[in-house]
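A quick write-up on the structure given underneath.
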Number of protein chains: 2
Amino acid sequence: MSLIVQKYGGTSVGDVVRIQNVATRVAARRAGGDDVVVVVSAMAGETNRLLGLAHALSPDADEREKDVLIATGEQVTVALLAIALNAAGCPAVSFLGHQVRIATDSAFGKARIKSIDASRIGAALAAGKVVVVAGFQGVDGADNITTLGRGGSDTSAVALAAALHAGCEIYTDVEGVFTSDPRLCPNARKLARISYDEMLEIASLGAKVLQIRSVELAKRFGVPLHVRSSFTENEGTRVVEEEASMEDVLVSGVTYDRDEAKITLVHVPDQPGLAARVFGPIADANISVDMIIQNASADGTTDLTFTVPKGDFRRALALVEAHAREVGAAGVRTDADVAKVSIVGLGMRSHAGVAAKMFRTLAEVGINIQMISTSEIKTSVVVDAKYVELAVRVLHAAFLGDADEEPT
Amino acid sequence: MSLIVQKYGGTSVGDVVRIQNVATRVAARRAGGDDVVVVVSAMAGETNRLLGLAHALSPDADEREKDVLIATGEQVTVALLAIALNAAGCPAVSFLGHQVRIATDSAFGKARIKSIDASRIGAALAAGKVVVVAGFQGVDGADNITTLGRGGSDTSAVALAAALHAGCEIYTDVEGVFTSDPRLCPNARKLARISYDEMLEIASLGAKVLQIRSVELAKRFGVPLHVRSSFTENEGTRVVEEEASMEDVLVSGVTYDRDEAKITLVHVPDQPGLAARVFGPIADANISVDMIIQNASADGTTDLTFTVPKGDFRRALALVEAHAREVGAAGVRTDADVAKVSIVGLGMRSHAGVAAKMFRTLAEVGINIQMISTSEIKTSVVVDAKYVELAVRVLHAAFLGDADEEPT
């Protein structure tokens, strides 16, 4: 008998039939002898419906009140799931953020969890009940309702697992974490295991399967995660502490992000404070810059290139053009038709030549690399958007093979 | 500068446009210098939508969880109204039942308020804010969410007014309390003032304008109520302590209730315990009996007649027929096509002949009275359902006149 925290996302509880399916799954686990804490999101579409009401009243709605509003989404789901469990003969009780003191700071809309009082959950478990906890929400020191930001239910689940010293299963609408996007790369395989660090890179490179903060939290508290589908009984992907054998695998995944646009300041005199003067106004406009590359050239000028999300491209360009003359740039070049392709793997730390193999593989099919950025366990390149599928496929074939079985 | 509690019902906050209208009204009152606490219901239809989801999962849903579920309705409205007020430049903050400690017992679905901690509301008012409080909901001693039953927001508003020593305005979709139903009786007039006791009788006789418990609470704590429309600026009806002049008015209102069905046990031997044996099983079946009449006759038998809501008629009849032989009744007679017509007025206490005038008025137009029931300030009769409109009109004309001006 063990204690497990299960988290079900919005799609998995999208209507009453699916809620009933989740209840059946939870009740079976409980009947098997495990203690179960369930964390649920709002029913798919509900958070957006509520935000639509707020937006109709004010495009700039009060942040505290917006949290009061959208916290109802998870409240509805916990009540319905507890009703379904009780009706199925599996005693259950729901708790909201304030009832189990999921204490957060007061950053409405993006609050961070500070502590959880596990005593009430423990008492309910000891009484033989399944405990259903509202994800995404907490309370600050003054008992105001807070929310954790999009995808925050993952973070709620991991924080509860950490507080309860339990494992954590994240149920979603995909089978787990894949070596690449199966829609783009037919040979993509589900990974059986992946390290926290690799998962962090994959999440930050555009994969939607887990919220980055939840992975950080799981790593910090050593919470084992199991990402799996709520629609099948198959094993998913386990996100765990790094294991010795993991470095034997050069690359665990190939990811891509089409949401990139490129801006280059050409022939800028290379002087101290240049980057600050260019990127200060962009940061002030709340635009997040992704990759930045600066090459010093022999004549004392430099080309400064960076990427921003496509949706922020026009605003970013206007800011850059306004400051281009001031920093002495010869001109501004742009390309909104680019994409980023990355390889991620712990093996890069100990094996030389992984990046070189990546560049060679792309060169062999005639793909020109426009920008390069590396970290300890990932290498990203920016290429022309039309080459994304090809790049992902050849890199997957080169590093992960085309066989059906997983390489060791 | 005074402090006022305003309550807006579900129709008044039924969509974002109406919520904006309420915000405009509240902001104007605040701008006029008054401190304002607003209590709101769920948007019209929302509570039923939520109960529909619960019912789809279980026809017999867990009561605690049902309260967690439907409490979200009011939570959505308080957040939206606070957003609308802030957007209109009127600083506002929302509070839920647990945030202002609307402490109740643990009778989920029909909880009773025990106390309210007004300190947080007082602090927000002192900071110049409009305070928006979720109606209908509270918390029990273990921080479980409770709800007060249908129409409970009226009770929330009155309890808050009592705790804050404030007056209370109940905004609804009608102009106030009328001498009769204007749809049935074109000469019905809005009452300027009515006593708590009369309002209680009128509410219990079928008028939907105020929840009975809210009137009881207002009477107990001497909270002056003002029932008025949220769609106009007109004065409504003030429900107040009895005033000396009120007894001069014989009758304040004529009400009716079509939701009655009649069952008679014929020629029952009149022996101790008869009523208990007949009504025990009916009470056990949770059917509420309205009027009961028993006439002893000379031969030692009696006719026992009573009324139940039409929806419970078949169930009640089955129970009565099952016990009719046991109590020695000669037979059972029924009439599901009856209605109750009542007159209400403080004047009945001090003026003889009011009931007699009622019976005479009905006799003059040939309406046969099937049952009679009286209290200190009301007289009710059961008549054939087809005479309801006629009965209401002739009684209104006889006691309240047909003039447009209000009689003194």
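Labels used: A, B, ... for chains in the order of the structure tokens, numbers from 1 for residues in each chain, and numbers from 1 for ligands as shown.
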Result of fitting chain A to chain B over every paired C-alpha, as a tab-separated table (two decimals) with C-alpha atoms, in the first residue's frame:
```
chain	number	residue	atom	x	y	z
A	1	MET	CA	-23.54	59.27	5.09
A	2	SER	CA	-24.97	55.91	6.03
A	3	LEU	CA	-24.23	52.24	5.52
A	4	ILE	CA	-26.51	50.21	3.27
A	5	VAL	CA	-26.56	46.52	2.30
A	6	GLN	CA	-27.91	45.95	-1.22
A	7	LYS	CA	-28.86	42.54	-2.54
A	8	TYR	CA	-29.22	41.79	-6.27
A	9	GLY	CA	-30.89	38.57	-7.40
A	10	GLY	CA	-29.97	36.26	-10.27
A	11	THR	CA	-32.05	38.07	-12.89
A	12	SER	CA	-30.47	41.41	-11.98
A	13	VAL	CA	-26.98	39.96	-12.64
A	14	GLY	CA	-28.04	37.59	-15.44
A	15	ASP	CA	-25.45	38.70	-17.99
A	16	VAL	CA	-22.48	41.08	-18.28
A	17	VAL	CA	-24.66	43.99	-19.43
A	18	ARG	CA	-26.87	43.65	-16.36
A	19	ILE	CA	-23.82	43.30	-14.10
A	20	GLN	CA	-22.56	46.54	-15.61
A	21	ASN	CA	-25.93	48.16	-14.83
A	22	VAL	CA	-25.71	47.02	-11.23
A	23	ALA	CA	-22.16	48.41	-11.05
A	24	THR	CA	-23.39	51.78	-12.34
A	25	ARG	CA	-26.16	51.84	-9.74
A	26	VAL	CA	-23.83	50.86	-6.88
A	27	ALA	CA	-21.14	53.34	-7.95
A	28	ALA	CA	-23.72	56.15	-8.04
A	29	ARG	CA	-24.84	55.30	-4.51
A	30	ARG	CA	-21.22	55.25	-3.32
A	31	ALA	CA	-20.52	58.56	-5.09
A	32	GLY	CA	-23.49	59.98	-3.18
A	33	GLY	CA	-21.54	59.40	0.02
A	34	ASP	CA	-23.02	56.15	1.36
A	35	ASP	CA	-20.96	53.12	2.32
A	36	VAL	CA	-22.23	50.16	0.33
A	37	VAL	CA	-22.07	46.40	0.89
A	38	VAL	CA	-23.46	44.42	-2.06
A	39	VAL	CA	-24.69	40.83	-1.83
A	40	VAL	CA	-25.23	38.99	-5.10
A	41	SER	CA	-26.77	35.74	-6.25
A	42	ALA	CA	-25.50	33.47	-9.00
A	43	MET	CA	-26.22	34.59	-12.57
A	44	ALA	CA	-29.73	33.43	-13.52
A	45	GLY	CA	-29.66	29.77	-14.61
A	46	GLU	CA	-26.17	29.06	-13.30
A	47	THR	CA	-27.18	27.14	-10.16
A	48	ASN	CA	-29.44	24.89	-12.23
A	49	ARG	CA	-26.68	24.34	-14.81
A	50	LEU	CA	-24.31	23.22	-12.05
A	51	LEU	CA	-26.91	20.96	-10.42
A	52	GLY	CA	-27.50	19.45	-13.85
A	53	LEU	CA	-23.82	18.43	-14.04
A	54	ALA	CA	-24.02	16.89	-10.57
A	55	HIS	CA	-27.23	15.07	-11.44
A	56	ALA	CA	-25.62	13.63	-14.57
A	57	LEU	CA	-22.99	12.02	-12.34
A	58	SER	CA	-25.34	10.93	-9.56
A	59	PRO	CA	-29.06	11.48	-8.95
A	60	ASP	CA	-28.21	11.36	-5.26
A	61	ALA	CA	-25.07	13.51	-5.15
A	62	ASP	CA	-23.08	13.95	-1.95
A	63	GLU	CA	-24.55	16.99	-0.14
A	64	ARG	CA	-21.21	18.44	1.00
A	65	GLU	CA	-19.80	18.31	-2.52
A	66	LYS	CA	-22.98	19.74	-4.04
A	67	ASP	CA	-22.45	22.82	-1.85
A	68	VAL	CA	-18.81	23.10	-3.00
A	69	LEU	CA	-20.16	22.96	-6.56
A	70	ILE	CA	-23.01	25.47	-6.43
A	71	ALA	CA	-21.14	27.96	-4.23
A	72	THR	CA	-19.10	28.74	-7.37
A	73	GLY	CA	-22.14	30.47	-8.90
A	74	GLU	CA	-22.02	33.35	-6.40
A	75	GLN	CA	-18.20	33.38	-6.50
A	76	VAL	CA	-18.29	34.10	-10.23
A	77	THR	CA	-20.77	36.95	-9.74
A	78	VAL	CA	-18.90	38.70	-6.90
A	79	ALA	CA	-15.68	38.64	-8.93
A	80	LEU	CA	-17.38	40.00	-12.06
A	81	LEU	CA	-19.19	42.75	-10.15
A	82	ALA	CA	-15.97	43.77	-8.36
A	83	ILE	CA	-14.20	43.85	-11.75
A	84	ALA	CA	-17.00	46.02	-13.19
A	85	LEU	CA	-16.91	48.39	-10.20
A	86	ASN	CA	-13.13	48.77	-10.30
A	87	ALA	CA	-13.28	49.35	-14.05
A	88	ALA	CA	-15.87	52.09	-13.42
A	89	GLY	CA	-13.43	53.83	-11.07
A	90	CYS	CA	-15.26	52.71	-7.94
A	91	PRO	CA	-12.76	50.75	-5.78
A	92	ALA	CA	-14.29	47.43	-4.76
A	93	VAL	CA	-13.26	44.12	-3.24
A	94	SER	CA	-15.08	40.79	-3.18
A	95	PHE	CA	-15.36	38.43	-0.24
A	96	LEU	CA	-16.53	34.83	-0.09
A	97	GLY	CA	-18.32	33.18	2.81
A	98	HIS	CA	-15.12	31.82	4.32
A	99	GLN	CA	-13.31	35.14	4.00
A	100	VAL	CA	-15.79	37.04	6.17
A	101	ARG	CA	-16.57	34.00	8.32
A	102	ILE	CA	-20.26	33.65	7.58
A	103	ALA	CA	-20.35	30.84	10.13
A	104	THR	CA	-23.16	28.31	9.73
A	105	ASP	CA	-24.13	24.91	11.05
A	106	SER	CA	-23.20	21.87	8.94
A	107	ALA	CA	-26.61	21.24	7.37
A	108	PHE	CA	-25.33	21.18	3.77
A	109	GLY	CA	-27.86	22.59	1.30
A	110	LYS	CA	-29.94	24.26	4.01
A	111	ALA	CA	-27.44	25.65	6.51
A	112	ARG	CA	-28.37	28.33	9.04
A	113	ILE	CA	-26.17	31.33	9.78
A	114	LYS	CA	-24.79	31.42	13.31
A	115	SER	CA	-22.52	34.46	13.18
A	116	ILE	CA	-20.68	36.84	10.87
A	117	ASP	CA	-17.28	38.42	11.53
A	118	ALA	CA	-17.82	41.96	10.27
A	119	SER	CA	-14.25	43.13	10.97
A	120	ARG	CA	-12.82	42.48	7.50
A	121	ILE	CA	-15.80	44.16	5.83
A	122	GLY	CA	-15.43	47.11	8.20
A	123	ALA	CA	-11.76	47.49	7.34
A	124	ALA	CA	-12.48	47.45	3.59
A	125	LEU	CA	-15.27	50.02	4.00
A	126	ALA	CA	-12.96	52.21	6.08
A	127	ALA	CA	-10.48	52.02	3.19
A	128	GLY	CA	-13.16	53.56	0.97
A	129	LYS	CA	-14.12	50.41	-0.90
A	130	VAL	CA	-17.43	48.95	-1.93
A	131	VAL	CA	-17.59	45.43	-0.47
A	132	VAL	CA	-19.14	42.70	-2.63
A	133	VAL	CA	-20.11	39.60	-0.64
A	134	ALA	CA	-21.14	36.23	-2.06
A	135	GLY	CA	-24.68	35.43	-1.00
A	136	PHE	CA	-26.10	31.98	-0.32
A	137	GLN	CA	-22.84	30.56	1.10
A	138	GLY	CA	-21.04	30.17	4.41
A	139	VAL	CA	-18.60	27.89	6.20
A	140	ASP	CA	-19.13	25.47	9.05
A	141	GLY	CA	-16.82	25.02	12.02
A	142	ALA	CA	-14.48	22.77	10.04
A	143	ASP	CA	-14.15	25.27	7.17
A	144	ASN	CA	-16.43	23.21	4.91
A	145	ILE	CA	-18.41	25.27	2.40
A	146	THR	CA	-22.15	25.35	3.11
A	147	THR	CA	-25.13	26.86	1.29
A	148	LEU	CA	-28.32	28.29	2.75
A	149	GLY	CA	-30.95	26.83	0.41
A	150	ARG	CA	-32.86	28.40	-2.46
A	151	GLY	CA	-33.22	32.14	-2.10
A	152	GLY	CA	-30.54	32.10	0.58
A	153	SER	CA	-28.93	35.27	-0.73
A	154	ASP	CA	-31.83	37.26	0.80
A	155	THR	CA	-30.92	35.72	4.14
A	156	SER	CA	-27.21	36.50	3.62
A	157	ALA	CA	-28.05	40.14	2.95
A	158	VAL	CA	-30.29	40.51	6.00
A	159	ALA	CA	-27.75	38.75	8.25
A	160	LEU	CA	-25.00	41.08	7.01
A	161	ALA	CA	-27.23	44.12	7.56
A	162	ALA	CA	-27.92	42.89	11.11
A	163	ALA	CA	-24.20	42.34	11.79
A	164	LEU	CA	-23.32	45.76	10.36
A	165	HIS	CA	-26.33	47.60	11.89
A	166	ALA	CA	-27.29	48.72	8.40
A	167	GLY	CA	-30.46	48.94	6.35
A	168	CYS	CA	-31.08	46.41	3.59
A	169	GLU	CA	-32.33	46.90	0.03
A	170	ILE	CA	-33.49	43.81	-1.85
A	171	TYR	CA	-33.31	44.39	-5.62
A	172	THR	CA	-35.42	42.11	-7.72
A	173	ASP	CA	-37.25	42.02	-11.05
A	174	VAL	CA	-40.54	43.36	-9.65
A	175	GLU	CA	-41.30	46.83	-8.31
A	176	GLY	CA	-42.04	45.70	-4.76
A	177	VAL	CA	-44.73	43.88	-2.80
A	178	PHE	CA	-48.20	44.17	-4.34
A	179	THR	CA	-51.66	43.95	-2.83
A	180	SER	CA	-52.14	40.99	-5.17
A	181	ASP	CA	-50.64	39.40	-8.28
A	182	PRO	CA	-50.90	42.08	-11.01
A	183	ARG	CA	-51.16	39.37	-13.68
A	184	LEU	CA	-54.39	38.16	-12.10
A	185	CYS	CA	-55.70	41.34	-10.62
A	186	PRO	CA	-55.22	44.46	-12.77
A	187	ASN	CA	-56.09	46.70	-9.83
A	188	ALA	CA	-53.26	45.36	-7.66
A	189	ARG	CA	-51.19	48.19	-6.20
A	190	LYS	CA	-47.66	48.33	-4.90
A	191	LEU	CA	-47.63	48.65	-1.11
A	192	ALA	CA	-45.53	51.50	0.26
A	193	ARG	CA	-45.08	49.82	3.64
A	194	ILE	CA	-45.86	46.44	5.13
A	195	SER	CA	-45.13	44.89	8.53
A	196	TYR	CA	-42.75	41.94	9.00
A	197	ASP	CA	-45.64	39.71	10.11
A	198	GLU	CA	-47.76	40.48	7.07
A	199	MET	CA	-44.76	39.92	4.82
A	200	LEU	CA	-44.17	36.56	6.49
A	201	GLU	CA	-47.76	35.49	5.80
A	202	ILE	CA	-47.62	36.72	2.21
A	203	ALA	CA	-44.30	34.94	1.63
A	204	SER	CA	-45.54	31.68	3.12
A	205	LEU	CA	-48.77	31.90	1.07
A	206	GLY	CA	-46.87	31.60	-2.17
A	207	ALA	CA	-45.45	35.03	-3.06
A	208	LYS	CA	-41.89	34.62	-4.35
A	209	VAL	CA	-40.63	38.11	-3.66
A	210	LEU	CA	-38.69	37.38	-0.44
A	211	GLN	CA	-37.41	34.22	1.22
A	212	ILE	CA	-39.36	33.55	4.45
A	213	ARG	CA	-36.22	33.06	6.55
A	214	SER	CA	-34.84	36.43	5.51
A	215	VAL	CA	-38.04	38.11	6.73
A	216	GLU	CA	-37.90	36.21	10.04
A	217	LEU	CA	-34.31	37.32	10.48
A	218	ALA	CA	-35.11	40.93	9.58
A	219	LYS	CA	-37.93	40.90	12.13
A	220	ARG	CA	-35.75	39.39	14.84
A	221	PHE	CA	-32.96	41.95	14.41
A	222	GLY	CA	-35.17	44.87	13.39
A	223	VAL	CA	-33.48	45.26	10.00
A	224	PRO	CA	-35.53	47.59	7.78
A	225	LEU	CA	-36.00	46.03	4.34
A	226	HIS	CA	-36.67	47.85	1.10
A	227	VAL	CA	-37.85	45.58	-1.71
A	228	ARG	CA	-37.44	47.29	-5.08
A	229	SER	CA	-36.66	46.81	-8.76
A	230	SER	CA	-33.12	46.81	-10.14
A	231	PHE	CA	-34.46	48.04	-13.47
A	232	THR	CA	-36.02	51.35	-12.34
A	233	GLU	CA	-35.33	54.11	-9.82
A	234	ASN	CA	-38.78	53.87	-8.24
A	235	GLU	CA	-39.38	53.44	-4.54
A	236	GLY	CA	-40.37	49.87	-3.75
A	237	THR	CA	-42.00	48.44	-0.64
A	238	ARG	CA	-40.56	48.95	2.83
A	239	VAL	CA	-40.89	46.01	5.19
A	240	VAL	CA	-40.72	47.42	8.69
A	241	GLU	CA	-41.72	47.09	12.33
A	242	GLU	CA	-45.45	47.26	12.86
A	243	GLU	CA	-46.68	50.83	13.03
A	244	ALA	CA	-49.79	52.02	14.90
A	245	SER	CA	-51.54	53.11	11.70
A	246	MET	CA	-51.09	49.71	10.07
A	247	GLU	CA	-53.98	48.19	11.97
A	248	ASP	CA	-56.29	50.72	10.36
A	249	VAL	CA	-55.88	48.81	7.13
A	250	LEU	CA	-58.03	45.71	7.37
A	251	VAL	CA	-56.30	43.78	4.62
A	252	SER	CA	-52.90	44.43	3.03
A	253	GLY	CA	-52.93	41.74	0.41
A	254	VAL	CA	-54.86	39.04	-1.40
A	255	THR	CA	-52.76	36.01	-2.33
A	256	TYR	CA	-53.39	32.67	-4.00
A	257	ASP	CA	-51.69	29.35	-4.48
A	258	ARG	CA	-52.72	26.98	-7.25
A	259	ASP	CA	-50.31	24.30	-6.05
A	260	GLU	CA	-52.83	22.51	-3.84
A	261	ALA	CA	-54.55	19.14	-4.00
A	262	LYS	CA	-57.16	17.92	-1.54
A	263	ILE	CA	-57.58	14.49	0.07
A	264	THR	CA	-60.47	13.52	2.37
A	265	LEU	CA	-60.81	10.45	4.56
A	266	VAL	CA	-64.59	9.95	4.85
A	267	HIS	CA	-66.44	8.76	7.96
A	268	VAL	CA	-63.43	7.84	10.06
A	269	PRO	CA	-64.17	6.64	13.61
A	270	ASP	CA	-63.03	9.56	15.77
A	271	GLN	CA	-60.48	8.08	18.15
A	272	PRO	CA	-57.23	9.27	19.78
A	273	GLY	CA	-54.15	8.95	17.59
A	274	LEU	CA	-56.07	9.13	14.31
A	275	ALA	CA	-54.18	12.16	12.99
A	276	ALA	CA	-50.82	10.69	13.98
A	277	ARG	CA	-51.54	7.45	12.13
A	278	VAL	CA	-52.63	9.30	8.99
A	279	PHE	CA	-49.97	12.00	8.87
A	280	GLY	CA	-46.99	10.07	10.26
A	281	PRO	CA	-46.33	8.12	7.04
A	282	ILE	CA	-46.88	11.28	4.95
A	283	ALA	CA	-44.31	13.21	6.99
A	284	ASP	CA	-41.90	10.26	6.73
A	285	ALA	CA	-42.23	10.52	2.95
A	286	ASN	CA	-41.14	14.18	3.24
A	287	ILE	CA	-44.46	15.49	1.93
A	288	SER	CA	-45.50	18.74	3.57
A	289	VAL	CA	-49.18	18.97	4.41
A	290	ASP	CA	-50.62	22.47	4.23
A	291	MET	CA	-54.19	22.82	5.55
A	292	ILE	CA	-55.83	20.21	7.78
A	293	ILE	CA	-59.52	20.23	8.76
A	294	GLN	CA	-61.30	17.74	10.94
A	295	ASN	CA	-64.98	17.99	11.80
A	296	ALA	CA	-66.40	15.77	14.49
A	297	SER	CA	-69.92	14.65	13.62
A	298	ALA	CA	-72.70	13.45	15.89
A	299	ASP	CA	-72.37	9.75	15.01
A	300	GLY	CA	-68.81	9.51	16.42
A	301	THR	CA	-67.16	9.59	12.99
A	302	THR	CA	-65.35	12.44	11.36
A	303	ASP	CA	-64.25	13.66	7.93
A	304	LEU	CA	-60.53	14.39	7.82
A	305	THR	CA	-59.50	16.66	4.95
A	306	PHE	CA	-56.07	18.02	4.11
A	307	THR	CA	-54.13	19.56	1.22
A	308	VAL	CA	-50.70	18.73	-0.20
A	309	PRO	CA	-48.64	20.23	-3.05
A	310	LYS	CA	-49.95	18.98	-6.42
A	311	GLY	CA	-46.59	17.34	-7.22
A	312	ASP	CA	-46.89	15.13	-4.11
A	313	PHE	CA	-50.56	14.29	-4.64
A	314	ARG	CA	-50.16	10.76	-6.11
A	315	ARG	CA	-47.60	9.69	-3.48
A	316	ALA	CA	-49.71	11.10	-0.64
A	317	LEU	CA	-52.84	9.40	-1.96
A	318	ALA	CA	-51.10	6.03	-2.16
A	319	LEU	CA	-50.01	6.36	1.49
A	320	VAL	CA	-53.50	7.39	2.62
A	321	GLU	CA	-55.18	4.55	0.75
A	322	ALA	CA	-52.75	2.09	2.31
A	323	HIS	CA	-53.81	3.23	5.80
A	324	ALA	CA	-57.52	4.04	5.19
A	325	ARG	CA	-58.77	0.56	6.12
A	326	GLU	CA	-56.55	0.45	9.20
A	327	VAL	CA	-58.12	3.63	10.64
A	328	GLY	CA	-61.62	2.44	9.69
A	329	ALA	CA	-62.43	5.06	7.06
A	330	ALA	CA	-65.45	4.49	4.85
A	331	GLY	CA	-63.54	5.80	1.87
A	332	VAL	CA	-61.14	8.33	0.38
A	333	ARG	CA	-62.25	11.29	-1.74
A	334	THR	CA	-59.83	13.49	-3.67
A	335	ASP	CA	-59.82	16.71	-5.64
A	336	ALA	CA	-56.60	17.74	-7.36
A	337	ASP	CA	-58.29	20.73	-8.92
A	338	VAL	CA	-58.41	23.16	-6.00
A	339	ALA	CA	-56.61	26.37	-5.05
A	340	LYS	CA	-56.08	28.41	-1.92
A	341	VAL	CA	-57.00	32.09	-1.71
A	342	SER	CA	-55.96	34.15	1.32
A	343	ILE	CA	-56.34	37.62	2.74
A	344	VAL	CA	-53.59	39.01	4.97
A	345	GLY	CA	-53.71	42.05	7.24
A	346	LEU	CA	-52.77	43.24	10.71
A	347	GLY	CA	-56.24	44.83	10.93
A	348	MET	CA	-57.81	41.40	11.42
A	349	ARG	CA	-56.41	41.31	14.92
A	350	SER	CA	-58.49	44.24	16.09
A	351	HIS	CA	-61.41	44.31	13.70
A	352	ALA	CA	-64.19	41.77	13.93
A	353	GLY	CA	-66.00	40.57	10.86
A	354	VAL	CA	-63.15	40.52	8.37
A	355	ALA	CA	-63.48	36.77	7.80
A	356	ALA	CA	-67.26	37.05	7.62
A	357	LYS	CA	-66.95	39.75	4.95
A	358	MET	CA	-64.59	37.48	3.01
A	359	PHE	CA	-67.06	34.57	3.06
A	360	ARG	CA	-69.97	36.85	2.11
A	361	THR	CA	-68.02	38.38	-0.77
A	362	LEU	CA	-67.28	34.94	-2.20
A	363	ALA	CA	-70.85	33.75	-1.65
A	364	GLU	CA	-72.21	36.74	-3.56
A	365	VAL	CA	-70.48	35.56	-6.73
A	366	GLY	CA	-71.43	31.94	-6.12
A	367	ILE	CA	-68.05	30.58	-5.08
A	368	ASN	CA	-68.34	27.60	-2.75
A	369	ILE	CA	-65.79	27.46	0.09
A	370	GLN	CA	-64.42	23.95	0.60
A	371	MET	CA	-62.02	24.54	3.52
A	372	ILE	CA	-61.20	27.40	5.85
A	373	SER	CA	-58.06	28.06	7.86
A	374	THR	CA	-57.24	31.13	9.90
A	375	SER	CA	-54.35	32.66	11.78
A	376	GLU	CA	-54.15	35.89	13.72
A	377	ILE	CA	-53.55	37.99	10.63
A	378	LYS	CA	-54.73	35.88	7.68
A	379	THR	CA	-57.73	33.89	6.52
A	380	SER	CA	-57.34	31.24	3.82
A	381	VAL	CA	-60.02	29.36	1.92
A	382	VAL	CA	-59.78	26.46	-0.50
A	383	VAL	CA	-62.00	26.79	-3.55
A	384	ASP	CA	-62.47	25.10	-6.90
A	385	ALA	CA	-59.42	25.97	-9.03
A	386	LYS	CA	-61.55	27.52	-11.79
A	387	TYR	CA	-62.67	30.31	-9.39
A	388	VAL	CA	-59.17	31.57	-8.46
A	389	GLU	CA	-59.11	34.68	-10.66
A	390	LEU	CA	-62.67	35.63	-9.75
A	391	ALA	CA	-62.06	35.11	-6.03
A	392	VAL	CA	-58.89	37.19	-6.04
A	393	ARG	CA	-60.59	40.02	-7.95
A	394	VAL	CA	-63.72	40.27	-5.86
A	395	LEU	CA	-61.76	40.06	-2.59
A	396	HIS	CA	-59.31	42.71	-3.81
A	397	ALA	CA	-62.22	44.97	-4.78
A	398	ALA	CA	-64.00	44.39	-1.47
A	399	PHE	CA	-61.02	44.96	0.82
A	400	LEU	CA	-58.56	47.07	-1.19
A	401	GLY	CA	-60.81	49.01	-3.50
A	402	ASP	CA	-60.49	49.53	-7.21
A	403	ALA	CA	-59.11	53.04	-7.03
A	404	ASP	CA	-55.57	53.82	-8.18
A	405	GLU	CA	-54.65	55.61	-4.99
A	406	GLU	CA	-53.71	53.60	-1.95
A	407	PRO	CA	-56.41	53.57	0.78
A	408	THR	CA	-55.33	54.94	4.13
```
Filtered DSSP result for stretch 172-307 of chain A, state helix (DSSP H, G or I), as a PyMOL selection string: chain A and resi 196-204+212-221+244-248+274-284
Would you save the residues of that selection, restricted to C-alpha atoms, as a CSV table (one decimal), in the first residue's frame?
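Result file follows (selection_18.csv):
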```
chain,number,residue,atom,x,y,z
A,196,TYR,CA,14.4,16.1,-14.7
A,197,ASP,CA,17.0,18.3,-16.5
A,198,GLU,CA,16.2,16.9,-20.0
A,199,MET,CA,12.5,17.3,-19.2
A,200,LEU,CA,13.1,20.9,-18.3
A,201,GLU,CA,14.9,21.6,-21.6
A,202,ILE,CA,12.2,19.8,-23.6
A,203,ALA,CA,9.4,21.8,-21.7
A,204,SER,CA,11.2,25.1,-22.2
A,212,ILE,CA,8.2,24.0,-16.5
A,213,ARG,CA,7.7,25.0,-12.8
A,214,SER,CA,6.2,21.6,-11.9
A,215,VAL,CA,9.4,19.9,-13.3
A,216,GLU,CA,11.6,22.3,-11.3
A,217,LEU,CA,9.7,21.6,-8.2
A,218,ALA,CA,9.8,17.8,-8.8
A,219,LYS,CA,13.5,18.0,-9.3
A,220,ARG,CA,14.1,20.1,-6.1
A,221,PHE,CA,12.1,17.7,-3.9
A,244,ALA,CA,24.1,6.6,-14.6
A,245,SER,CA,22.9,4.8,-17.8
A,246,MET,CA,21.2,8.0,-19.0
A,247,GLU,CA,24.4,9.5,-20.2
A,248,ASP,CA,24.9,6.6,-22.6
A,274,LEU,CA,25.0,48.2,-26.6
A,275,ALA,CA,23.0,45.1,-25.6
A,276,ALA,CA,21.4,47.0,-22.7
A,277,ARG,CA,20.3,49.9,-24.9
A,278,VAL,CA,18.8,47.5,-27.4
A,279,PHE,CA,17.1,45.0,-25.1
A,280,GLY,CA,16.1,47.4,-22.3
A,281,PRO,CA,13.1,48.8,-24.2
A,282,ILE,CA,12.1,45.4,-25.4
A,283,ALA,CA,12.1,44.0,-21.8
A,284,ASP,CA,10.1,47.0,-20.7
```
DSSP strand (DSSP E) residues within stretch 176-370 of chain A, listed as an MDAnalysis selection string: chainID A and resid 193:195 225:229 237:240 253:269 292:296 301:308 331:344
